[in-house]
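K.L.:
Take this structure, written in structure tokens, and hold onto it; I'll ask about it next.
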Amino acid sequence: MTFKMPATGPDCAVWPELARAAREIGPIRQLIDADAGRFAHCSAEAAGIMLDFSRQRINAEILQGFARLAGELGLRERIAAMFRGDPINVTEGRSVLHTALRRPADAPALVVGGQDLQPLIVAERERMLDFAEAVRAGAIRSSSKLPFTLVVNIGIGGSDLGPAMAVRALAEFTAGAPRLAFVANVDGCELTDVLKDADPARTLFIVCSKTFTTLETQTNANAAREWLIGKLGRAAVPQHFAAVSVNAPAMDKFGIHPEYRFAMWDWVGGRYSVWSSIGVSLAIAIGREGFEAFLSGGRQMDEHFEQAPWPKNLPVLAGMLAIWNINFLELPTLAVLPYDSRLARLPAYLQQLEMESNGKSVRLDGLPAVLPTCPVIWGEPGDNAQHSFFQLLHQGTARAALDLVVPLRSSGATQAQQDLAIANALAQAEAFAQGYDLAQVKADLQQQGLAAAQIATLAPHKVHPGNRPVSLLIIERLDPRTLGALVALYEHSVFVQSVAWGTNAFDQWGVELGKKMCERIIPLLGDPTAAAASSYSLRGTLAYLARIRA
């Protein structure tokens, strides 16, 4: 069957109208000052999240254009195709069903390829949650008959970033759980640091690798295994190792306990897998009730995404704003700035989610993409960032769009301190959007009593151009349900963007070449003379390494 390329943004009649609007749109300050009701029609709320985009550089005409664009792209049908399990991952011929992992146990059948996936999903979820609860309660014990006080998740990419982000974010909800640690990098430093003070008799390792062959994960898992054998003996291994994988022979060989194995499926990409058994470390941390609330928040956002009209649909609005900022306002980066240090790993999580999904230069039909397809995602907790790179954001020549994530209730000790964080977030949002022009600066300096010559010298350095587009994502409280909704919101926004760009958000061929080349280079580190067929650059680097290490 010949592949039929769906419509992309430039194919739509509204696209040139949006381009014209982008050329004519005024500055954000002007847009705000001219519209007393701007917040009402530039905000939307769902699943415990308020998206305030009143400081974006848009107007009512552009918002209407977003809705038209969604309609002309056939977005409603594209969403339905994903949820019903059509093979929208066309390069791999796979369904995309991370959303199915969030379905409740009593949901109707989900038949894909002649198989009802619903009982399969529920059964595996129950196995995983039973295991997590047993570890938390001390019912599952070590080879020394002791409850586990340390659980080490060994994985990389989606097998690390999602659970690690969520466990840190939900630290307030981990009472009664063992300590959770995460090991990803192949250099061994993280594992060394984790094991330095670990009690082997109370340590459980969870190896998260679908294939059980990922270089970094297997290297760290093998090192952890040797450490445990050195402390407790080879017979202890099964009682101290669980895994999320589909490679039964490899798990047999390694020594994974037969009952501590959990599955994932090829219709769940790694960066979308925190909802699956890859989330077992999160389930251990926050318990069954917390994990089910996390799923529930994601499911609420799913239902909203499927059903809400475009002008109030949070993922669609977020996705359209991203397209607007990248393709029409030519802003190549997105700074994600959470005003809660528990969300410190959210920017790193979103880096993989967005840039691995939409970092593509080829369309679904194999032709080159005609549009920039993904922002560079970066960020830090907002208060820290204010004292590091906000100088560039306010006055630098490089510009970015900004997402500020703001919990209203404290995740820590005092509400008074969170109120300071909220005040900072709102102040920065206003400063980014409205700026501080030359007339304001001069008036301020005159009030301070500076002479005219001093004012003339100093004033240009104090001008803030403003006109930096900002979205506020306001949540009442950082809890499992709200975090689930927030993650799902970003997931669906990524999909919306991919539809407009005509790309596949669910493959990741770009990570494969480096892996393949690494396999060839590993033996050359021990024998640089075998590199004769390599590039001159590589041969030179290997020769240098050999001299230094001699």
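Identifiers for the structure tokens are assigned positionally: chains receive A, B, ... in sequence, residues are indexed from 1 per chain, and ligands are indexed from 1 in the order shown.
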Write out as an MDAnalysis selection string each polymer residue whose atoms come within 8 Å of segment 309-314 of chain A, counting only C-alpha atoms; drop sequence neighbours fewer than 2 positions from it.
P.N.:
chainID A and resid 43:46 51 63:64 67 70 304:305 307 316:318 489
K.L.:
Filtering to C-alpha atoms, could you give me those residues as a PDB file, in the first residue's frame?
P.N.:
```pdb
ATOM      1  CA  SER A  43      -6.019  30.937  29.731  1.00  0.00           C
ATOM      2  CA  ALA A  44      -7.475  27.466  30.089  1.00  0.00           C
ATOM      3  CA  GLU A  45      -7.718  24.971  32.913  1.00  0.00           C
ATOM      4  CA  ALA A  46      -7.966  21.183  33.112  1.00  0.00           C
ATOM      5  CA  LEU A  51      -2.301  27.360  31.517  1.00  0.00           C
ATOM      6  CA  LEU A  63      -5.988  32.052  18.585  1.00  0.00           C
ATOM      7  CA  GLN A  64      -8.726  31.545  16.022  1.00  0.00           C
ATOM      8  CA  ALA A  67      -8.219  26.366  15.991  1.00  0.00           C
ATOM      9  CA  ALA A  70      -6.002  22.087  14.137  1.00  0.00           C
ATOM     10  CA  HIS A 304      -9.363  16.356  28.083  1.00  0.00           C
ATOM     11  CA  PHE A 305      -7.090  16.086  25.025  1.00  0.00           C
ATOM     12  CA  GLN A 307     -12.701  15.816  24.067  1.00  0.00           C
ATOM     13  CA  VAL A 316      -3.412  21.688  21.720  1.00  0.00           C
ATOM     14  CA  LEU A 317      -2.862  25.230  22.959  1.00  0.00           C
ATOM     15  CA  ALA A 318       0.605  24.347  24.267  1.00  0.00           C
ATOM     16  CA  LEU A 489       0.131  17.554  28.903  1.00  0.00           C
TER      17      LEU A 489
END
```
K.L.:
Just want the 10 Å neighbourhood of segment 241-248 of chain A, counted on only C-alpha atoms, with same-chain residues fewer than 6 positions away dropped. Output as a VMD selection string.
P.N.:
chain A and resid 128 131 142 151 to 155 159 203 to 213 221 224 to 225 228 254 to 266 276 to 280
K.L.:
Restricting the output to N, CA and C atoms, write the selected residues as a CSV table (one decimal), in the first residue's frame.
P.N.:
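Full text of out.csv as output:
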```
chain,number,residue,atom,x,y,z
A,128,MET,N,3.2,-5.6,39.0
A,128,MET,CA,4.2,-4.6,39.4
A,128,MET,C,3.9,-3.9,40.7
A,131,PHE,N,4.3,-6.1,43.7
A,131,PHE,CA,5.8,-6.2,44.0
A,131,PHE,C,6.2,-4.9,44.8
A,142,SER,N,15.7,-9.6,51.5
A,142,SER,CA,16.9,-9.9,50.8
A,142,SER,C,17.4,-11.3,51.1
A,151,VAL,N,16.9,1.0,47.2
A,151,VAL,CA,16.5,0.5,45.9
A,151,VAL,C,17.2,1.3,44.9
A,152,VAL,N,18.0,0.6,44.0
A,152,VAL,CA,18.8,1.3,43.0
A,152,VAL,C,18.2,0.9,41.6
A,153,ASN,N,17.7,1.9,40.9
A,153,ASN,CA,17.2,1.8,39.6
A,153,ASN,C,18.4,2.0,38.6
A,154,ILE,N,18.6,0.9,37.8
A,154,ILE,CA,19.7,1.0,36.8
A,154,ILE,C,19.1,1.0,35.4
A,155,GLY,N,19.2,2.1,34.7
A,155,GLY,CA,18.7,2.3,33.4
A,155,GLY,C,19.3,3.5,32.8
A,159,SER,N,14.4,4.9,30.7
A,159,SER,CA,14.4,4.0,31.8
A,159,SER,C,15.0,4.6,33.1
A,203,THR,N,20.1,-4.0,50.0
A,203,THR,CA,20.0,-3.3,48.7
A,203,THR,C,19.4,-4.1,47.6
A,204,LEU,N,18.4,-3.5,47.0
A,204,LEU,CA,17.7,-4.1,45.8
A,204,LEU,C,18.1,-3.4,44.6
A,205,PHE,N,18.4,-4.0,43.5
A,205,PHE,CA,18.7,-3.4,42.2
A,205,PHE,C,17.5,-3.8,41.3
A,206,ILE,N,17.1,-2.8,40.5
A,206,ILE,CA,16.1,-3.0,39.4
A,206,ILE,C,16.8,-2.6,38.1
A,207,VAL,N,16.9,-3.5,37.2
A,207,VAL,CA,17.6,-3.3,35.9
A,207,VAL,C,16.5,-3.0,34.9
A,208,CYS,N,16.5,-1.8,34.4
A,208,CYS,CA,15.4,-1.4,33.4
A,208,CYS,C,16.0,-1.4,32.0
A,209,SER,N,15.8,-2.4,31.2
A,209,SER,CA,16.3,-2.4,29.9
A,209,SER,C,15.4,-3.4,29.1
A,210,LYS,N,14.6,-2.8,28.1
A,210,LYS,CA,13.7,-3.7,27.4
A,210,LYS,C,14.4,-4.9,26.7
A,211,THR,N,15.6,-4.6,26.1
A,211,THR,CA,16.3,-5.7,25.4
A,211,THR,C,17.3,-6.4,26.4
A,212,PHE,N,17.6,-5.8,27.5
A,212,PHE,CA,18.6,-6.3,28.4
A,212,PHE,C,20.0,-6.4,27.7
A,213,THR,N,20.2,-5.5,26.8
A,213,THR,CA,21.5,-5.4,26.1
A,213,THR,C,22.1,-4.0,26.0
A,221,ALA,N,24.8,-2.7,35.5
A,221,ALA,CA,24.2,-3.9,36.1
A,221,ALA,C,25.2,-5.0,36.5
A,224,ALA,N,27.3,-3.8,39.4
A,224,ALA,CA,26.5,-4.0,40.6
A,224,ALA,C,26.4,-5.4,41.1
A,225,ARG,N,26.3,-6.3,40.1
A,225,ARG,CA,26.2,-7.7,40.4
A,225,ARG,C,27.5,-8.2,41.0
A,228,LEU,N,27.8,-7.1,44.5
A,228,LEU,CA,27.0,-7.9,45.4
A,228,LEU,C,27.6,-9.3,45.7
A,254,PHE,N,21.8,-13.8,33.7
A,254,PHE,CA,22.2,-12.8,34.7
A,254,PHE,C,21.9,-13.2,36.2
A,255,GLY,N,20.8,-13.9,36.3
A,255,GLY,CA,20.4,-14.3,37.6
A,255,GLY,C,19.2,-13.6,38.2
A,256,ILE,N,18.4,-12.9,37.4
A,256,ILE,CA,17.2,-12.2,37.9
A,256,ILE,C,16.2,-13.2,38.5
A,257,HIS,N,15.7,-12.8,39.6
A,257,HIS,CA,14.7,-13.7,40.3
A,257,HIS,C,13.5,-13.9,39.3
A,258,PRO,N,13.1,-15.1,39.2
A,258,PRO,CA,12.0,-15.4,38.2
A,258,PRO,C,10.7,-14.7,38.5
A,259,GLU,N,10.4,-14.3,39.7
A,259,GLU,CA,9.2,-13.6,40.0
A,259,GLU,C,9.3,-12.1,40.1
A,260,TYR,N,10.5,-11.6,39.9
A,260,TYR,CA,10.8,-10.2,40.0
A,260,TYR,C,11.1,-9.6,38.6
A,261,ARG,N,10.3,-10.1,37.6
A,261,ARG,CA,10.5,-9.7,36.2
A,261,ARG,C,9.2,-9.1,35.7
A,262,PHE,N,9.4,-8.0,35.0
A,262,PHE,CA,8.2,-7.2,34.5
A,262,PHE,C,8.4,-6.8,33.1
A,263,ALA,N,7.3,-6.8,32.4
A,263,ALA,CA,7.3,-6.6,30.9
A,263,ALA,C,7.0,-5.2,30.5
A,264,MET,N,7.4,-4.9,29.3
A,264,MET,CA,6.9,-3.7,28.6
A,264,MET,C,6.8,-4.1,27.1
A,265,TRP,N,6.2,-3.2,26.4
A,265,TRP,CA,5.8,-3.6,25.0
A,265,TRP,C,6.3,-2.7,24.0
A,266,ASP,N,6.4,-3.2,22.7
A,266,ASP,CA,7.0,-2.4,21.7
A,266,ASP,C,6.1,-1.2,21.3
A,276,SER,N,4.5,2.6,32.7
A,276,SER,CA,4.6,1.1,32.6
A,276,SER,C,5.3,0.6,33.8
A,277,SER,N,5.8,-0.7,33.7
A,277,SER,CA,6.6,-1.2,34.8
A,277,SER,C,7.9,-0.6,34.9
A,278,ILE,N,8.3,0.2,33.9
A,278,ILE,CA,9.5,1.1,34.1
A,278,ILE,C,9.3,2.0,35.3
A,279,GLY,N,8.1,2.3,35.7
A,279,GLY,CA,7.8,3.1,36.8
A,279,GLY,C,7.8,2.3,38.1
A,280,VAL,N,8.3,1.1,38.2
A,280,VAL,CA,8.3,0.3,39.4
A,280,VAL,C,9.0,1.0,40.5
```
K.L.:
I'd like to know which of A:Thr214, A:Thr541, A:Thr99, A:Gln386 is closest to Leu337 of chain A, using only C-alpha atoms.
P.N.:
A:Gln386
K.L.:
Pick out each residue of segment 188-246 of chain A that DSSP on the backbone tags as strand (DSSP E or B); I need them as an MDAnalysis selection string.
P.N.:
chainID A and resid 203:208 241:244
K.L.:
Fewer than 6 positions away in the same chain doesn't count, so skip those; otherwise give me all residues within 10 Å of Phe83 of chain A, counting only C-alpha atoms, as a list of chain:residue names.
P.N.:
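Returned residues: A:Glu77, A:Ser95, A:Val96, A:Leu97, A:His98, A:Thr99, A:Ala100, A:Leu110, A:Asp302, A:Glu306.
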K.L.:
Find the residues near Ile284 of chain A: any atom within 12 Å, counting only C-alpha atoms, skip ones fewer than 3 places away on the same chain, and give them as a PDB file with N, CA and C atoms, in the first residue's frame.
P.N.:
```pdb
ATOM      1  N   MET A 128       3.205  -5.608  39.037  1.00  0.00           N
ATOM      2  CA  MET A 128       4.207  -4.617  39.404  1.00  0.00           C
ATOM      3  C   MET A 128       3.855  -3.912  40.705  1.00  0.00           C
ATOM      4  N   LEU A 129       2.589  -3.520  40.857  1.00  0.00           N
ATOM      5  CA  LEU A 129       2.185  -2.810  42.073  1.00  0.00           C
ATOM      6  C   LEU A 129       2.224  -3.723  43.300  1.00  0.00           C
ATOM      7  N   ASP A 130       1.872  -4.984  43.123  1.00  0.00           N
ATOM      8  CA  ASP A 130       1.990  -5.936  44.246  1.00  0.00           C
ATOM      9  C   ASP A 130       3.444  -6.054  44.688  1.00  0.00           C
ATOM     10  N   PHE A 131       4.347  -6.132  43.719  1.00  0.00           N
ATOM     11  CA  PHE A 131       5.775  -6.205  44.028  1.00  0.00           C
ATOM     12  C   PHE A 131       6.227  -4.938  44.754  1.00  0.00           C
ATOM     13  N   ALA A 132       5.824  -3.791  44.239  1.00  0.00           N
ATOM     14  CA  ALA A 132       6.233  -2.529  44.856  1.00  0.00           C
ATOM     15  C   ALA A 132       5.740  -2.425  46.297  1.00  0.00           C
ATOM     16  N   GLU A 133       4.503  -2.805  46.516  1.00  0.00           N
ATOM     17  CA  GLU A 133       3.965  -2.749  47.876  1.00  0.00           C
ATOM     18  C   GLU A 133       4.678  -3.723  48.806  1.00  0.00           C
ATOM     19  N   ALA A 134       5.030  -4.889  48.281  1.00  0.00           N
ATOM     20  CA  ALA A 134       5.723  -5.880  49.103  1.00  0.00           C
ATOM     21  C   ALA A 134       7.134  -5.408  49.467  1.00  0.00           C
ATOM     22  N   VAL A 135       7.796  -4.712  48.550  1.00  0.00           N
ATOM     23  CA  VAL A 135       9.111  -4.149  48.860  1.00  0.00           C
ATOM     24  C   VAL A 135       8.966  -3.062  49.909  1.00  0.00           C
ATOM     25  N   ARG A 136       7.991  -2.180  49.748  1.00  0.00           N
ATOM     26  CA  ARG A 136       7.757  -1.097  50.718  1.00  0.00           C
ATOM     27  C   ARG A 136       7.473  -1.651  52.109  1.00  0.00           C
ATOM     28  N   ALA A 137       6.656  -2.700  52.150  1.00  0.00           N
ATOM     29  CA  ALA A 137       6.223  -3.249  53.443  1.00  0.00           C
ATOM     30  C   ALA A 137       7.251  -4.176  54.079  1.00  0.00           C
ATOM     31  N   GLY A 138       8.295  -4.524  53.338  1.00  0.00           N
ATOM     32  CA  GLY A 138       9.298  -5.451  53.871  1.00  0.00           C
ATOM     33  C   GLY A 138       8.909  -6.899  53.732  1.00  0.00           C
ATOM     34  N   ILE A 140       8.883  -8.565  50.820  1.00  0.00           N
ATOM     35  CA  ILE A 140       9.958  -9.089  49.970  1.00  0.00           C
ATOM     36  C   ILE A 140      11.275  -8.697  50.620  1.00  0.00           C
ATOM     37  N   PHE A 148      14.498  -4.320  52.498  1.00  0.00           N
ATOM     38  CA  PHE A 148      15.382  -3.443  51.735  1.00  0.00           C
ATOM     39  C   PHE A 148      15.240  -1.999  52.201  1.00  0.00           C
ATOM     40  N   THR A 149      16.368  -1.355  52.391  1.00  0.00           N
ATOM     41  CA  THR A 149      16.373   0.069  52.741  1.00  0.00           C
ATOM     42  C   THR A 149      16.909   0.943  51.605  1.00  0.00           C
ATOM     43  N   LEU A 150      17.441   0.324  50.571  1.00  0.00           N
ATOM     44  CA  LEU A 150      17.937   1.044  49.397  1.00  0.00           C
ATOM     45  C   LEU A 150      17.511   0.295  48.145  1.00  0.00           C
ATOM     46  N   VAL A 151      16.873   1.022  47.219  1.00  0.00           N
ATOM     47  CA  VAL A 151      16.500   0.469  45.917  1.00  0.00           C
ATOM     48  C   VAL A 151      17.224   1.281  44.854  1.00  0.00           C
ATOM     49  N   VAL A 152      17.988   0.594  44.002  1.00  0.00           N
ATOM     50  CA  VAL A 152      18.799   1.256  42.980  1.00  0.00           C
ATOM     51  C   VAL A 152      18.223   0.930  41.602  1.00  0.00           C
ATOM     52  N   ASN A 153      17.714   1.947  40.933  1.00  0.00           N
ATOM     53  CA  ASN A 153      17.203   1.801  39.575  1.00  0.00           C
ATOM     54  C   ASN A 153      18.366   1.968  38.602  1.00  0.00           C
ATOM     55  N   PRO A 163      11.302   8.025  35.825  1.00  0.00           N
ATOM     56  CA  PRO A 163      11.209   7.655  37.241  1.00  0.00           C
ATOM     57  C   PRO A 163      12.038   8.556  38.147  1.00  0.00           C
ATOM     58  N   ALA A 166      10.238  11.875  38.604  1.00  0.00           N
ATOM     59  CA  ALA A 166       9.006  11.757  39.382  1.00  0.00           C
ATOM     60  C   ALA A 166       9.283  11.443  40.850  1.00  0.00           C
ATOM     61  N   VAL A 167      10.272  10.598  41.125  1.00  0.00           N
ATOM     62  CA  VAL A 167      10.594  10.279  42.520  1.00  0.00           C
ATOM     63  C   VAL A 167      11.061  11.527  43.257  1.00  0.00           C
ATOM     64  N   LEU A 170       8.086  13.944  43.831  1.00  0.00           N
ATOM     65  CA  LEU A 170       7.071  13.488  44.790  1.00  0.00           C
ATOM     66  C   LEU A 170       7.696  13.036  46.103  1.00  0.00           C
ATOM     67  N   ALA A 171       8.836  13.619  46.449  1.00  0.00           N
ATOM     68  CA  ALA A 171       9.529  13.231  47.686  1.00  0.00           C
ATOM     69  C   ALA A 171       8.641  13.373  48.915  1.00  0.00           C
ATOM     70  N   PHE A 173       5.762  12.452  49.260  1.00  0.00           N
ATOM     71  CA  PHE A 173       4.819  11.332  49.344  1.00  0.00           C
ATOM     72  C   PHE A 173       5.522   9.981  49.500  1.00  0.00           C
ATOM     73  N   THR A 174       6.778   9.997  49.926  1.00  0.00           N
ATOM     74  CA  THR A 174       7.565   8.761  49.970  1.00  0.00           C
ATOM     75  C   THR A 174       7.744   8.216  51.387  1.00  0.00           C
ATOM     76  N   ALA A 175       7.005   8.720  52.337  1.00  0.00           N
ATOM     77  CA  ALA A 175       7.151   8.223  53.709  1.00  0.00           C
ATOM     78  C   ALA A 175       6.911   6.717  53.753  1.00  0.00           C
ATOM     79  N   GLY A 176       7.788   6.011  54.453  1.00  0.00           N
ATOM     80  CA  GLY A 176       7.656   4.565  54.594  1.00  0.00           C
ATOM     81  C   GLY A 176       8.336   3.761  53.516  1.00  0.00           C
ATOM     82  N   ALA A 177       8.903   4.449  52.513  1.00  0.00           N
ATOM     83  CA  ALA A 177       9.557   3.740  51.406  1.00  0.00           C
ATOM     84  C   ALA A 177      11.058   3.625  51.664  1.00  0.00           C
ATOM     85  N   PRO A 178      11.712   2.645  51.051  1.00  0.00           N
ATOM     86  CA  PRO A 178      13.176   2.628  51.068  1.00  0.00           C
ATOM     87  C   PRO A 178      13.716   3.862  50.339  1.00  0.00           C
ATOM     88  N   ARG A 179      14.977   4.140  50.528  1.00  0.00           N
ATOM     89  CA  ARG A 179      15.624   5.210  49.776  1.00  0.00           C
ATOM     90  C   ARG A 179      15.770   4.758  48.329  1.00  0.00           C
ATOM     91  N   LEU A 180      15.492   5.658  47.393  1.00  0.00           N
ATOM     92  CA  LEU A 180      15.614   5.363  45.962  1.00  0.00           C
ATOM     93  C   LEU A 180      16.842   6.072  45.403  1.00  0.00           C
ATOM     94  N   ALA A 181      17.600   5.361  44.602  1.00  0.00           N
ATOM     95  CA  ALA A 181      18.742   5.952  43.903  1.00  0.00           C
ATOM     96  C   ALA A 181      18.686   5.546  42.440  1.00  0.00           C
ATOM     97  N   LEU A 204      18.422  -3.524  46.973  1.00  0.00           N
ATOM     98  CA  LEU A 204      17.734  -4.146  45.848  1.00  0.00           C
ATOM     99  C   LEU A 204      18.051  -3.356  44.587  1.00  0.00           C
ATOM    100  N   ILE A 206      17.121  -2.753  40.502  1.00  0.00           N
ATOM    101  CA  ILE A 206      16.126  -2.964  39.447  1.00  0.00           C
ATOM    102  C   ILE A 206      16.766  -2.560  38.125  1.00  0.00           C
ATOM    103  N   SER A 277       5.766  -0.664  33.698  1.00  0.00           N
ATOM    104  CA  SER A 277       6.570  -1.243  34.777  1.00  0.00           C
ATOM    105  C   SER A 277       7.924  -0.568  34.922  1.00  0.00           C
ATOM    106  N   ILE A 278       8.331   0.230  33.934  1.00  0.00           N
ATOM    107  CA  ILE A 278       9.521   1.062  34.113  1.00  0.00           C
ATOM    108  C   ILE A 278       9.329   1.977  35.320  1.00  0.00           C
ATOM    109  N   GLY A 279       8.111   2.280  35.654  1.00  0.00           N
ATOM    110  CA  GLY A 279       7.805   3.107  36.822  1.00  0.00           C
ATOM    111  C   GLY A 279       7.799   2.348  38.135  1.00  0.00           C
ATOM    112  N   VAL A 280       8.328   1.131  38.168  1.00  0.00           N
ATOM    113  CA  VAL A 280       8.289   0.348  39.410  1.00  0.00           C
ATOM    114  C   VAL A 280       9.026   1.046  40.541  1.00  0.00           C
ATOM    115  N   SER A 281      10.127   1.722  40.254  1.00  0.00           N
ATOM    116  CA  SER A 281      10.834   2.432  41.318  1.00  0.00           C
ATOM    117  C   SER A 281       9.973   3.574  41.864  1.00  0.00           C
ATOM    118  N   GLY A 287       4.095   4.280  46.572  1.00  0.00           N
ATOM    119  CA  GLY A 287       3.093   3.285  46.899  1.00  0.00           C
ATOM    120  C   GLY A 287       2.010   3.143  45.848  1.00  0.00           C
ATOM    121  N   ARG A 288       1.209   2.098  46.012  1.00  0.00           N
ATOM    122  CA  ARG A 288       0.136   1.804  45.061  1.00  0.00           C
ATOM    123  C   ARG A 288      -0.807   2.989  44.897  1.00  0.00           C
ATOM    124  N   GLU A 289      -1.273   3.529  46.006  1.00  0.00           N
ATOM    125  CA  GLU A 289      -2.250   4.617  45.930  1.00  0.00           C
ATOM    126  C   GLU A 289      -1.669   5.819  45.191  1.00  0.00           C
ATOM    127  N   GLY A 290      -0.410   6.143  45.481  1.00  0.00           N
ATOM    128  CA  GLY A 290       0.218   7.273  44.811  1.00  0.00           C
ATOM    129  C   GLY A 290       0.410   7.018  43.325  1.00  0.00           C
ATOM    130  N   PHE A 291       0.837   5.799  42.969  1.00  0.00           N
ATOM    131  CA  PHE A 291       1.053   5.492  41.555  1.00  0.00           C
ATOM    132  C   PHE A 291      -0.267   5.504  40.799  1.00  0.00           C
TER     133      PHE A 291
END
```
K.L.:
Just the helix (DSSP H, G or I) stuff from segment 227-260 of chain A, please, per backbone DSSP, written as a ChimeraX atom specification.
P.N.:
/A:227-232,234-240,248-254
K.L.:
Could the residues in this selection be written to a file with N, CA and C atoms, as a PDB file, in the first residue's frame?
P.N.:
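Writing the result to again.pdb gives the following:
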```pdb
ATOM      1  N   TRP A 227      29.724  -6.430  42.560  1.00  0.00           N
ATOM      2  CA  TRP A 227      29.824  -5.854  43.918  1.00  0.00           C
ATOM      3  C   TRP A 227      29.049  -6.711  44.914  1.00  0.00           C
ATOM      4  N   LEU A 228      27.821  -7.092  44.534  1.00  0.00           N
ATOM      5  CA  LEU A 228      27.002  -7.886  45.442  1.00  0.00           C
ATOM      6  C   LEU A 228      27.623  -9.264  45.677  1.00  0.00           C
ATOM      7  N   ILE A 229      28.123  -9.885  44.611  1.00  0.00           N
ATOM      8  CA  ILE A 229      28.751 -11.201  44.760  1.00  0.00           C
ATOM      9  C   ILE A 229      29.954 -11.108  45.682  1.00  0.00           C
ATOM     10  N   GLY A 230      30.717 -10.023  45.539  1.00  0.00           N
ATOM     11  CA  GLY A 230      31.875  -9.845  46.405  1.00  0.00           C
ATOM     12  C   GLY A 230      31.509  -9.677  47.865  1.00  0.00           C
ATOM     13  N   LYS A 231      30.322  -9.174  48.124  1.00  0.00           N
ATOM     14  CA  LYS A 231      29.890  -8.943  49.507  1.00  0.00           C
ATOM     15  C   LYS A 231      29.104 -10.115  50.080  1.00  0.00           C
ATOM     16  N   LEU A 232      28.235 -10.710  49.271  1.00  0.00           N
ATOM     17  CA  LEU A 232      27.293 -11.711  49.801  1.00  0.00           C
ATOM     18  C   LEU A 232      27.394 -13.070  49.122  1.00  0.00           C
ATOM     19  N   ARG A 234      27.573 -15.408  45.218  1.00  0.00           N
ATOM     20  CA  ARG A 234      26.799 -15.539  43.991  1.00  0.00           C
ATOM     21  C   ARG A 234      25.353 -15.974  44.248  1.00  0.00           C
ATOM     22  N   ALA A 235      25.147 -16.784  45.253  1.00  0.00           N
ATOM     23  CA  ALA A 235      23.802 -17.297  45.523  1.00  0.00           C
ATOM     24  C   ALA A 235      22.824 -16.202  45.925  1.00  0.00           C
ATOM     25  N   ALA A 236      23.348 -15.046  46.335  1.00  0.00           N
ATOM     26  CA  ALA A 236      22.480 -13.956  46.788  1.00  0.00           C
ATOM     27  C   ALA A 236      21.859 -13.179  45.635  1.00  0.00           C
ATOM     28  N   VAL A 237      22.396 -13.331  44.445  1.00  0.00           N
ATOM     29  CA  VAL A 237      21.997 -12.469  43.328  1.00  0.00           C
ATOM     30  C   VAL A 237      20.483 -12.461  43.089  1.00  0.00           C
ATOM     31  N   PRO A 238      19.801 -13.588  42.954  1.00  0.00           N
ATOM     32  CA  PRO A 238      18.371 -13.533  42.615  1.00  0.00           C
ATOM     33  C   PRO A 238      17.526 -12.753  43.614  1.00  0.00           C
ATOM     34  N   GLN A 239      17.897 -12.785  44.883  1.00  0.00           N
ATOM     35  CA  GLN A 239      17.093 -12.086  45.893  1.00  0.00           C
ATOM     36  C   GLN A 239      17.319 -10.579  45.869  1.00  0.00           C
ATOM     37  N   HIS A 240      18.303 -10.117  45.104  1.00  0.00           N
ATOM     38  CA  HIS A 240      18.656  -8.698  45.121  1.00  0.00           C
ATOM     39  C   HIS A 240      18.503  -8.021  43.758  1.00  0.00           C
ATOM     40  N   ALA A 248      14.039 -12.885  28.287  1.00  0.00           N
ATOM     41  CA  ALA A 248      14.082 -13.904  29.342  1.00  0.00           C
ATOM     42  C   ALA A 248      15.416 -14.652  29.391  1.00  0.00           C
ATOM     43  N   PRO A 249      15.992 -15.088  28.264  1.00  0.00           N
ATOM     44  CA  PRO A 249      17.286 -15.796  28.342  1.00  0.00           C
ATOM     45  C   PRO A 249      18.378 -14.955  28.984  1.00  0.00           C
ATOM     46  N   ALA A 250      18.428 -13.668  28.644  1.00  0.00           N
ATOM     47  CA  ALA A 250      19.452 -12.803  29.239  1.00  0.00           C
ATOM     48  C   ALA A 250      19.225 -12.630  30.729  1.00  0.00           C
ATOM     49  N   MET A 251      17.968 -12.526  31.147  1.00  0.00           N
ATOM     50  CA  MET A 251      17.685 -12.408  32.576  1.00  0.00           C
ATOM     51  C   MET A 251      18.025 -13.704  33.306  1.00  0.00           C
ATOM     52  N   ASP A 252      17.772 -14.844  32.663  1.00  0.00           N
ATOM     53  CA  ASP A 252      18.163 -16.138  33.248  1.00  0.00           C
ATOM     54  C   ASP A 252      19.671 -16.181  33.481  1.00  0.00           C
ATOM     55  N   LYS A 253      20.400 -15.800  32.466  1.00  0.00           N
ATOM     56  CA  LYS A 253      21.853 -15.846  32.540  1.00  0.00           C
ATOM     57  C   LYS A 253      22.384 -14.912  33.620  1.00  0.00           C
ATOM     58  N   PHE A 254      21.773 -13.761  33.738  1.00  0.00           N
ATOM     59  CA  PHE A 254      22.223 -12.777  34.727  1.00  0.00           C
ATOM     60  C   PHE A 254      21.928 -13.225  36.150  1.00  0.00           C
TER      61      PHE A 254
END
```
K.L.:
Need to verify the contact set: Thr91 of chain A, 12 Å, only C-alpha atoms, exclusion of same-chain residues closer than 3 positions in sequence. Can you return it as a list of chain:residue names?
P.N.:
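Non-adjacent residues within range: A:Phe3, A:Pro87, A:Ile88, A:Arg94, A:Ser95, A:Val362, A:Arg363, A:Leu364, A:Asp365, A:Gly366, A:Thr503, A:Asn504, A:Ala505, A:Phe506, A:Asp507, A:Gln508, A:Trp509.
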K.L.:
To one decimal in Å, tell me the separation between atom CA of Arg76 of chain A and atom CA of Cys374 of chain A.
P.N.:
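Calculated distance between atom CA of Arg76 of chain A and atom CA of Cys374 of chain A is 21.9 Å.
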K.L.:
Do you know which residues are at most 9 Å from Pro407 of chain A counting only C-alpha atoms, after dropping those on the same chain fewer than 3 positions away, and could you put them as a list in words?
P.N.:
Pro338, Tyr339, Asp340, Ser410, Ser411, Gln418, Ile422, Leu473, Ile474, Ile475, Glu476, Arg477 and Leu478 of chain A
